[in-house]
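Step one of this worksheet: look at the structure below.
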Amino acid sequence: MKPHKLKPLFTPTEHYYLTLHHTSWLVAKRPLLMSILLTGLLFMCIIWSLCVGSTTLTLLEVSNALLGEGPRMKQILVLDLRLPRVISAIAAGLGMGIAGSLLQNLIRNRLATPDMVGVNEGAIFAMVLVSLLFTQTAIVWWVAPVGALSAMLMLYAFCRKHEHQGYTFIVMGLGFSTLLRAITEFLMATESLVHISSIYIWSMGSFIGQSMTSTYAVLCVLFGAIPLLSYLVTQLNVLRIGSIQAQSLGVPVKRVQALTLILAVVITALSSAIAGPIAFIAMAAPILASSLLRHRSIPIWVAGLCGAILLLVSDTLVRLLANPAEVATGILTRIVGGIFLFWVIIKDSLKGRT
Amino acid sequence: MISCKELSFHYQQQHVLNNIEFTANANQLLGIVGPNGCGKSTLLKLMAGHLSPHSGHIETEQGDLSTCHRREKAKQVAYLPQYPLAPKGLTVEQLLRFGRHPHQTWFQQWQKQDSQILEDIIERLHLSPLLKKDIALLSGGQRQKAWLGMTLAQDTPVILLDEPTSALDIGHQVDVMESISHISRLGKTVVLVIHDLAMAARYCDRILAIHSGSIKACGEARTVISAQLVHDLYGTHVDILAAPQDQSPVIVPRRKSLSLTSL
């Protein structure tokens with residue numbers, strides 16, 4: 001018998017390798033580790049958020065209330081007031097993080113997030129228009145998603161004629177969102193203050209009086225989209241090397257791009273229906289997630305978790321800092337997000353110099 | 001084997017390629033030469049299926065390429081474009097793994113065969129010290145080798161390379177051409193677009209010369225390359241010398257106006 005030459009076989013070092021019969025899977029190590037850590041952090045944030053507020057509760061009081069024990073007042077505070085808000089913040093944050101990450105990777109630019117290219121402005125515009133036309137006091141939850149979707153489709157239609165390269169898309173998007181914002185402000189200015197104030201608060205992004213309907217809608221869509229998302233993540237990762245190369249590797253480039261865009265817009269639109277268009281989460285969460293993964297792969301899931309944590313922390317801080325007044329969560333995310341954006345740009349320009 | 005049959009392509013009423021017909025065989029390295037803008041890159045894109053011809057068709061052993069499913073096509077033909085991107089954060093190892101993408105399904109994400117093929121390529125192209133490195137931080141020569149590795153990892157019978165040695169120093173040029181030439185001996189059909197005629201003559205088994213969208217000459221490298229052909233293609237007078245090592249043609253351009261003082 002010929003002696004078999006033993007050669008160390010190449011094994012992927014950045015993945016855990018699972019195999020069973022003829023099937024095999026690769027699980028990326030660092031994203032898995034980060035997801036576990038961030039999920040842990042998210043749970044800690046949930047507990048913190050349930051404890052603090054106008055009345056500070058102890059851990060024991062919260063767990064009792066969650067189990068349906070203890071004083072009725074504390075049960076109402078935890079189960080009916082704080083818990084829905086926490087769930088909504090998590091759902092919106094997850095959606096914004098995932099949608100932001102999808103769009104950034106599709107356009108290949110970190111600034112290309114739904115809130116930069118007019119999705120939010122589309123949502124606000126639709127809300128204002130509907131409330132002015134039909135003078136409804138109660139805001140119908142699906143108006144915002146429809147507005148966001150139509151804004152995105154219009155922008156896409158504009159950019160299609162030019163080769164919708166990343167840069168064109170962002171510049172067009174910025175112009176488009178400014179235009180929509182201006183029309184909205186004009187419409188709001190023509191109305192009475194009382195009528196418009198509730199829409200104004202919503203347009204800043206606030207969890208006050210949010211509806212659980214859209215929270216459930218977002219959670220359902222996200223849960224249902226898990227298979228599609230994992231398919232898109234694999235394909236988008238290959239697409240990072242360029243669309244021609246990806247096509248040579250058998251990636252259905254056009255289909256992947258279209259699906260990514262649609263999914264990103266649907267998720268953004270629904271998330272903005274939860275608590276209004278909260279700025280910057282969709283941009284900050286994916287950038288943060290990407291650097292946690294050392295830019296190795298597309299951080300869809302980690303970006304979702306980062307978004308959930310960022311938004312939950314922001315909302316809880318707003319409740320704490322502005323107590324007893326209620327301030328729109330979006331105002332805080334704008335302040336924090338603005339500083340964050342400066343930091344990212346300065347860090348990059350410093351890195352570019354050395 | 002890949003063959004083009006009566007291939008024509010035009011861009012906004014302007015003919016880019018006119019009735020191109022040739023066959024590249026296995027175990028053969030075919031070099032496409034021609035002046036800038038003669039349509040050689042377009043020809044390679046057509047063969048890779050990134051453009052569709054206005055008439056004619058492209059065949060491999062599996063039949064007409066245009067009717068092939070994209071995944072099947074990716075198992076038949078690999079294509080490396082001229083200036084590939086260098087995405088931030090991507091390591092050489094990841095890039096090589098992407099080459100196995102057409103062979104993977106959700107249930108079979110990494111097989112023993114994938115490891116064997118990558119191991120072979122890493123050894124052949126001496127990529128092991130680069131595996132953990134970020135592609136964006138590599139030198140031009142190293143990056144080109146990484147991309148070549150990814151293209152080879154696809155393990156296709158037909159490999160198309162668009163100017164794999166442009167922008168490389170002479171050491172890396174020889175390095176890359178030696179690897180490509182070696183691979184073509186392993187039963188692969190390799191077609192590459194190349195500007196350096198001396199390199200083409202030395203390494204390619206056959207040369208296909210294209211001028212303004214039509215085939216000017218096709219045949220064995222050393223017989224095809226002549227001062228007349230070079231003049232027809234590029235409009236420049238040249239002298240052709242024989243390399244001391246193997247008599248392979250070396251092209252030396254003449255000066256258009258030789259001043260009296262230098263005579």
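Residue numbers start at 1 in each chain; chains themselves are named A, B, ... in the order of the structure tokens; ligands are numbered from 1 in the order shown.
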
Excluding Pro324 in chain A and residues on its chain fewer than 6 positions from it, collect all residues at most 12 Å away from it, counting only C-alpha atoms, and give them as an mmCIF file with N, CA and C atoms, in the first residue's frame.
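New file result_22.cif:
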```
data_model
loop_
_atom_site.group_PDB
_atom_site.id
_atom_site.type_symbol
_atom_site.label_atom_id
_atom_site.label_comp_id
_atom_site.auth_asym_id
_atom_site.auth_seq_id
_atom_site.Cartn_x
_atom_site.Cartn_y
_atom_site.Cartn_z
ATOM 1 N N GLY A 53 -37.455 55.256 36.391
ATOM 2 C CA GLY A 53 -38.499 56.127 35.871
ATOM 3 C C GLY A 53 -38.995 57.033 36.979
ATOM 4 N N SER A 54 -40.205 57.527 36.818
ATOM 5 C CA SER A 54 -40.758 58.441 37.820
ATOM 6 C C SER A 54 -40.774 57.790 39.210
ATOM 7 N N THR A 55 -41.077 56.490 39.261
ATOM 8 C CA THR A 55 -40.945 55.737 40.505
ATOM 9 C C THR A 55 -39.888 54.670 40.265
ATOM 10 N N VAL A 318 -34.218 59.446 28.200
ATOM 11 C CA VAL A 318 -35.148 60.553 28.003
ATOM 12 C C VAL A 318 -36.182 60.572 29.129
#
```

Open item on the list: Could you go through range 34-171 of chain B and tell me which residues DSSP, when run on the backbone, assigns to alpha helix (DSSP H), listing them as a PyMOL selection string?
Closed with: chain B and resi 40-48+70-76+92-98+112-124+140-153+170-171

Open item on the list: If the cut-off is 9 Å, can you tell me the residues of chain A near chain B, counting only C-alpha atoms? I'd like them as a PyMOL selection string.
Closed with: chain A and resi 8-14+17-19+22-26+231+237-238+240-242+244-252+294-297

The selected residues should be written to file as a tab-separated table (two decimals), in the first residue's frame (atoms: N, CA and C atoms).
```tsv
chain	number	residue	atom	x	y	z
A	8	PRO	N	-1.72	19.09	5.99
A	8	PRO	CA	-2.74	19.80	6.78
A	8	PRO	C	-3.73	20.48	5.83
A	9	LEU	N	-5.00	20.12	5.95
A	9	LEU	CA	-6.00	20.69	5.06
A	9	LEU	C	-6.37	22.09	5.50
A	10	PHE	N	-6.66	22.91	4.52
A	10	PHE	CA	-7.12	24.26	4.84
A	10	PHE	C	-8.48	24.19	5.53
A	11	THR	N	-8.59	24.88	6.66
A	11	THR	CA	-9.92	24.99	7.28
A	11	THR	C	-10.20	26.46	7.51
A	12	PRO	N	-11.44	26.87	7.30
A	12	PRO	CA	-11.77	28.27	7.53
A	12	PRO	C	-11.50	28.62	8.98
A	13	THR	N	-10.69	29.66	9.23
A	13	THR	CA	-10.32	29.96	10.60
A	13	THR	C	-11.27	30.93	11.27
A	14	GLU	N	-12.09	31.63	10.48
A	14	GLU	CA	-12.96	32.63	11.09
A	14	GLU	C	-14.35	32.06	11.38
A	17	TYR	N	-16.99	25.14	12.28
A	17	TYR	CA	-17.34	24.24	11.19
A	17	TYR	C	-18.18	23.11	11.75
A	18	LEU	N	-19.42	23.01	11.30
A	18	LEU	CA	-20.31	21.94	11.75
A	18	LEU	C	-20.57	21.00	10.59
A	19	THR	N	-20.53	19.72	10.86
A	19	THR	CA	-20.81	18.80	9.77
A	19	THR	C	-21.57	17.59	10.27
A	22	HIS	N	-23.64	14.38	4.99
A	22	HIS	CA	-23.13	15.12	3.84
A	22	HIS	C	-23.44	16.61	3.92
A	23	THR	N	-23.98	17.02	5.05
A	23	THR	CA	-24.29	18.44	5.17
A	23	THR	C	-23.20	19.12	5.99
A	24	SER	N	-23.03	20.40	5.75
A	24	SER	CA	-22.01	21.13	6.50
A	24	SER	C	-22.42	22.59	6.61
A	25	TRP	N	-22.08	23.19	7.72
A	25	TRP	CA	-22.40	24.61	7.93
A	25	TRP	C	-21.19	25.35	8.46
A	26	LEU	N	-21.13	26.63	8.10
A	26	LEU	CA	-20.11	27.50	8.67
A	26	LEU	C	-20.82	28.53	9.53
A	231	TYR	N	-30.58	34.61	3.63
A	231	TYR	CA	-30.19	34.44	2.23
A	231	TYR	C	-29.50	35.71	1.72
A	237	ASN	N	-22.76	39.56	1.22
A	237	ASN	CA	-21.35	39.41	1.59
A	237	ASN	C	-20.50	39.16	0.36
A	238	VAL	N	-20.98	38.31	-0.55
A	238	VAL	CA	-20.23	38.06	-1.78
A	238	VAL	C	-20.24	39.32	-2.65
A	240	ARG	N	-19.92	42.23	-1.84
A	240	ARG	CA	-18.94	43.25	-1.42
A	240	ARG	C	-17.76	43.30	-2.38
A	241	ILE	N	-17.44	42.21	-3.04
A	241	ILE	CA	-16.27	42.20	-3.93
A	241	ILE	C	-16.58	42.81	-5.28
A	242	GLY	N	-17.79	43.34	-5.46
A	242	GLY	CA	-18.12	44.01	-6.72
A	242	GLY	C	-19.20	43.24	-7.45
A	244	ILE	N	-19.80	42.74	-10.67
A	244	ILE	CA	-19.40	41.87	-11.79
A	244	ILE	C	-18.80	40.57	-11.26
A	245	GLN	N	-17.93	40.70	-10.24
A	245	GLN	CA	-17.33	39.50	-9.68
A	245	GLN	C	-18.39	38.61	-9.04
A	246	ALA	N	-19.33	39.25	-8.32
A	246	ALA	CA	-20.38	38.47	-7.67
A	246	ALA	C	-21.21	37.74	-8.71
A	247	GLN	N	-21.49	38.42	-9.81
A	247	GLN	CA	-22.26	37.79	-10.88
A	247	GLN	C	-21.49	36.61	-11.47
A	248	SER	N	-20.18	36.77	-11.59
A	248	SER	CA	-19.36	35.67	-12.08
A	248	SER	C	-19.41	34.47	-11.14
A	249	LEU	N	-19.69	34.75	-9.86
A	249	LEU	CA	-19.77	33.66	-8.89
A	249	LEU	C	-21.18	33.11	-8.77
A	250	GLY	N	-22.07	33.55	-9.66
A	250	GLY	CA	-23.41	32.99	-9.68
A	250	GLY	C	-24.41	33.70	-8.77
A	251	VAL	N	-24.06	34.89	-8.26
A	251	VAL	CA	-25.00	35.64	-7.43
A	251	VAL	C	-26.01	36.34	-8.35
A	252	PRO	N	-27.32	36.16	-8.11
A	252	PRO	CA	-28.30	36.89	-8.93
A	252	PRO	C	-28.35	38.35	-8.50
A	294	ARG	N	-15.01	44.16	13.13
A	294	ARG	CA	-13.77	44.55	12.44
A	294	ARG	C	-13.99	44.62	10.93
A	295	HIS	N	-15.16	45.03	10.49
A	295	HIS	CA	-15.52	45.21	9.07
A	295	HIS	C	-15.35	43.93	8.26
A	296	ARG	N	-15.30	42.76	8.93
A	296	ARG	CA	-15.06	41.51	8.22
A	296	ARG	C	-16.28	41.08	7.39
A	297	SER	N	-17.46	41.22	7.97
A	297	SER	CA	-18.63	40.78	7.23
A	297	SER	C	-19.78	41.75	7.47
```

- [ ] Might you pull out every residue within 7 Å of Glu163 in chain B, with only C-alpha atoms counted and same-chain residues fewer than 4 positions away left off, and present them as an MDAnalysis selection string?
- [x] chainID B and resid 82 192:194

Open item on the list: Report, in Å with one decimal, the straight-line distance from CA of Tyr234 in chain B to CA of Val174 in chain B.
Closed with: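 Between CA of Tyr234 in chain B and CA of Val174 in chain B the gap works out to 24.1 Å.
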
Leaving out range 81-91 of chain A and any residue of its chain fewer than 5 positions from it, which residues lie within 7 Å of it when counting only C-alpha atoms, given as a CSV table (one decimal) with N, CA and C atoms, in the first residue's frame?
```csv
chain,number,residue,atom,x,y,z
A,46,ILE,N,-33.0,46.0,29.4
A,46,ILE,CA,-34.5,45.8,29.6
A,46,ILE,C,-34.8,45.9,31.1
A,50,LEU,N,-37.0,48.8,33.0
A,50,LEU,CA,-38.2,48.5,33.7
A,50,LEU,C,-38.2,49.0,35.1
A,76,ILE,N,-49.4,47.5,37.2
A,76,ILE,CA,-49.9,48.3,36.1
A,76,ILE,C,-48.7,49.1,35.5
A,207,PHE,N,-42.0,58.0,21.9
A,207,PHE,CA,-42.7,56.8,22.2
A,207,PHE,C,-44.0,57.1,23.0
A,215,THR,N,-45.9,47.9,16.4
A,215,THR,CA,-44.8,47.1,17.1
A,215,THR,C,-45.0,45.6,16.7
A,218,VAL,N,-44.0,45.1,13.1
A,218,VAL,CA,-42.5,45.1,12.8
A,218,VAL,C,-42.0,43.7,13.3
A,219,LEU,N,-42.4,43.3,14.5
A,219,LEU,CA,-41.8,42.0,15.0
A,219,LEU,C,-42.2,40.9,14.1
A,274,ILE,N,-43.9,52.9,14.5
A,274,ILE,CA,-44.0,52.6,15.9
A,274,ILE,C,-43.9,53.9,16.7
A,308,ALA,N,-31.4,48.1,18.8
A,308,ALA,CA,-32.3,47.9,19.9
A,308,ALA,C,-31.7,48.5,21.2
A,311,LEU,N,-31.6,52.4,21.0
A,311,LEU,CA,-32.9,53.0,21.1
A,311,LEU,C,-33.5,52.9,22.5
A,312,LEU,N,-33.3,51.7,23.1
A,312,LEU,CA,-33.8,51.4,24.4
A,312,LEU,C,-33.2,52.3,25.4
```

Contacts of range 19-32 of chain B at 6 Å or less, counting only C-alpha atoms, minus same-chain residues fewer than 2 places along, as a compact mmCIF listing (two decimals) with N, CA and C atoms, in the first residue's frame?
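In the end it all went to around08.txt:
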```txt
# COMPACT_ATOMS: atom_id res chain seq x y z
N MET B 1 -12.84 23.93 -23.01
CA MET B 1 -13.07 24.44 -24.36
C MET B 1 -14.12 25.55 -24.32
N ILE B 2 -13.84 26.61 -25.01
CA ILE B 2 -14.87 27.66 -25.19
C ILE B 2 -14.72 28.18 -26.62
N SER B 3 -15.87 28.27 -27.30
CA SER B 3 -15.74 28.78 -28.67
C SER B 3 -16.79 29.85 -28.98
N CYS B 4 -16.34 30.84 -29.72
CA CYS B 4 -17.22 31.93 -30.13
C CYS B 4 -17.61 31.70 -31.58
N LYS B 5 -18.91 31.80 -31.84
CA LYS B 5 -19.40 31.55 -33.21
C LYS B 5 -20.07 32.82 -33.75
N GLU B 6 -19.47 33.36 -34.80
CA GLU B 6 -20.02 34.54 -35.49
C GLU B 6 -20.50 35.62 -34.53
N LEU B 7 -19.63 35.95 -33.59
CA LEU B 7 -20.00 36.86 -32.51
C LEU B 7 -19.92 38.32 -32.96
N SER B 8 -21.04 39.05 -32.80
CA SER B 8 -21.01 40.48 -33.10
C SER B 8 -21.63 41.25 -31.94
N SER B 184 -2.87 26.23 -16.90
CA SER B 184 -3.43 25.85 -18.20
C SER B 184 -2.98 24.45 -18.60
N ARG B 185 -1.88 23.97 -18.01
CA ARG B 185 -1.42 22.62 -18.30
C ARG B 185 -2.25 21.56 -17.57
N GLY B 187 -5.33 20.94 -17.74
CA GLY B 187 -6.59 20.64 -18.40
C GLY B 187 -7.56 21.79 -18.44
N LYS B 188 -7.07 23.00 -18.11
CA LYS B 188 -7.97 24.16 -18.13
C LYS B 188 -7.83 24.90 -19.45
N THR B 189 -8.89 25.62 -19.79
CA THR B 189 -8.84 26.52 -20.92
C THR B 189 -8.66 27.92 -20.36
N VAL B 190 -7.52 28.54 -20.62
CA VAL B 190 -7.29 29.87 -20.07
C VAL B 190 -7.21 30.88 -21.21
N VAL B 191 -8.02 31.93 -21.11
CA VAL B 191 -7.99 33.01 -22.09
C VAL B 191 -7.65 34.28 -21.36
N LEU B 192 -6.61 34.99 -21.79
CA LEU B 192 -6.32 36.25 -21.11
C LEU B 192 -6.05 37.37 -22.09
N VAL B 193 -6.47 38.55 -21.67
CA VAL B 193 -6.17 39.76 -22.43
C VAL B 193 -4.84 40.25 -21.91
N CYS B 204 2.02 32.35 -23.93
CA CYS B 204 0.76 31.89 -24.52
C CYS B 204 1.03 30.84 -25.60
N ASP B 205 0.15 29.85 -25.67
CA ASP B 205 0.27 28.85 -26.74
C ASP B 205 -0.22 29.43 -28.05
N ARG B 206 -1.28 30.21 -27.95
CA ARG B 206 -1.81 30.83 -29.16
C ARG B 206 -2.10 32.29 -28.90
N ILE B 207 -2.04 33.07 -29.99
CA ILE B 207 -2.30 34.50 -29.89
C ILE B 207 -3.48 34.83 -30.81
N LEU B 208 -4.39 35.65 -30.27
CA LEU B 208 -5.49 36.13 -31.09
C LEU B 208 -5.33 37.65 -31.14
N ALA B 209 -5.06 38.17 -32.34
CA ALA B 209 -4.86 39.61 -32.46
C ALA B 209 -6.14 40.26 -32.98
```

Task: Distance query range 106-111 of chain A at most 8 Å, only C-alpha atoms, self and fewer than 4 positions along chain excluded, as a list of chain:residue names - done: A:Leu102, A:Met116, A:Gln165, A:Gly166, A:Tyr167, A:Phe169, A:Ile170, A:Leu236, A:Gln257, A:Thr260, A:Leu261, A:Met283, A:Ile287

TODO: Would you work out the distance separating CA of Leu259 in chain A from CA of Leu103 in chain A, expressed in Å to one decimal?
DONE: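 Distance reported for this atom pair: 10.9 Å.
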
Task: Interatomic distance, CA of Val344 in chain A to CA of Gly118 in chain A (Å, one decimal) - done: 21.7 Å

Task: Residue contacts of Gln247 in chain B (12 Å, only C-alpha atoms) excluding same-chain residues fewer than 4 positions away, as number ranges by chain - done: B: 198, 201-202, 222-223, 240-243

Residues as selected, N, CA and C atoms, written as a PDB file, in the first residue's frame, can you do that?
```pdb
ATOM      1  N   ALA B 198       5.756  40.613 -25.587  1.00  0.00           N
ATOM      2  CA  ALA B 198       6.845  39.686 -25.290  1.00  0.00           C
ATOM      3  C   ALA B 198       6.373  38.626 -24.295  1.00  0.00           C
ATOM      4  N   ALA B 201       4.027  36.308 -26.109  1.00  0.00           N
ATOM      5  CA  ALA B 201       4.722  35.372 -26.987  1.00  0.00           C
ATOM      6  C   ALA B 201       5.398  34.269 -26.192  1.00  0.00           C
ATOM      7  N   ARG B 202       5.916  34.616 -25.025  1.00  0.00           N
ATOM      8  CA  ARG B 202       6.651  33.627 -24.248  1.00  0.00           C
ATOM      9  C   ARG B 202       5.711  32.622 -23.579  1.00  0.00           C
ATOM     10  N   ARG B 222       4.707  32.294 -31.630  1.00  0.00           N
ATOM     11  CA  ARG B 222       5.981  32.714 -32.235  1.00  0.00           C
ATOM     12  C   ARG B 222       5.879  32.959 -33.737  1.00  0.00           C
ATOM     13  N   THR B 223       4.942  32.290 -34.395  1.00  0.00           N
ATOM     14  CA  THR B 223       4.817  32.515 -35.836  1.00  0.00           C
ATOM     15  C   THR B 223       3.936  33.724 -36.120  1.00  0.00           C
ATOM     16  N   ILE B 240      12.038  43.108 -34.129  1.00  0.00           N
ATOM     17  CA  ILE B 240      11.791  41.937 -33.311  1.00  0.00           C
ATOM     18  C   ILE B 240      13.093  41.179 -33.121  1.00  0.00           C
ATOM     19  N   LEU B 241      13.487  41.044 -31.876  1.00  0.00           N
ATOM     20  CA  LEU B 241      14.719  40.343 -31.539  1.00  0.00           C
ATOM     21  C   LEU B 241      14.354  38.969 -30.969  1.00  0.00           C
ATOM     22  N   ALA B 242      15.345  38.126 -30.835  1.00  0.00           N
ATOM     23  CA  ALA B 242      15.109  36.817 -30.240  1.00  0.00           C
ATOM     24  C   ALA B 242      15.722  36.800 -28.849  1.00  0.00           C
ATOM     25  N   ALA B 243      14.951  36.350 -27.870  1.00  0.00           N
ATOM     26  CA  ALA B 243      15.465  36.304 -26.504  1.00  0.00           C
ATOM     27  C   ALA B 243      16.582  35.284 -26.427  1.00  0.00           C
TER      28      ALA B 243
END
```

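Remark: for Ser248 in chain B, the closest of the candidate residues B:Asp169, B:Gln12, B:Gly141, B:Ala221 is B:Ala221 (distances computed over only C-alpha atoms).
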
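If you measure from each of B:Leu130, B:Ile215, B:Leu44, B:Val230 to Leu160 in chain B using only C-alpha atoms, the closest one turns out to be B:Leu44.
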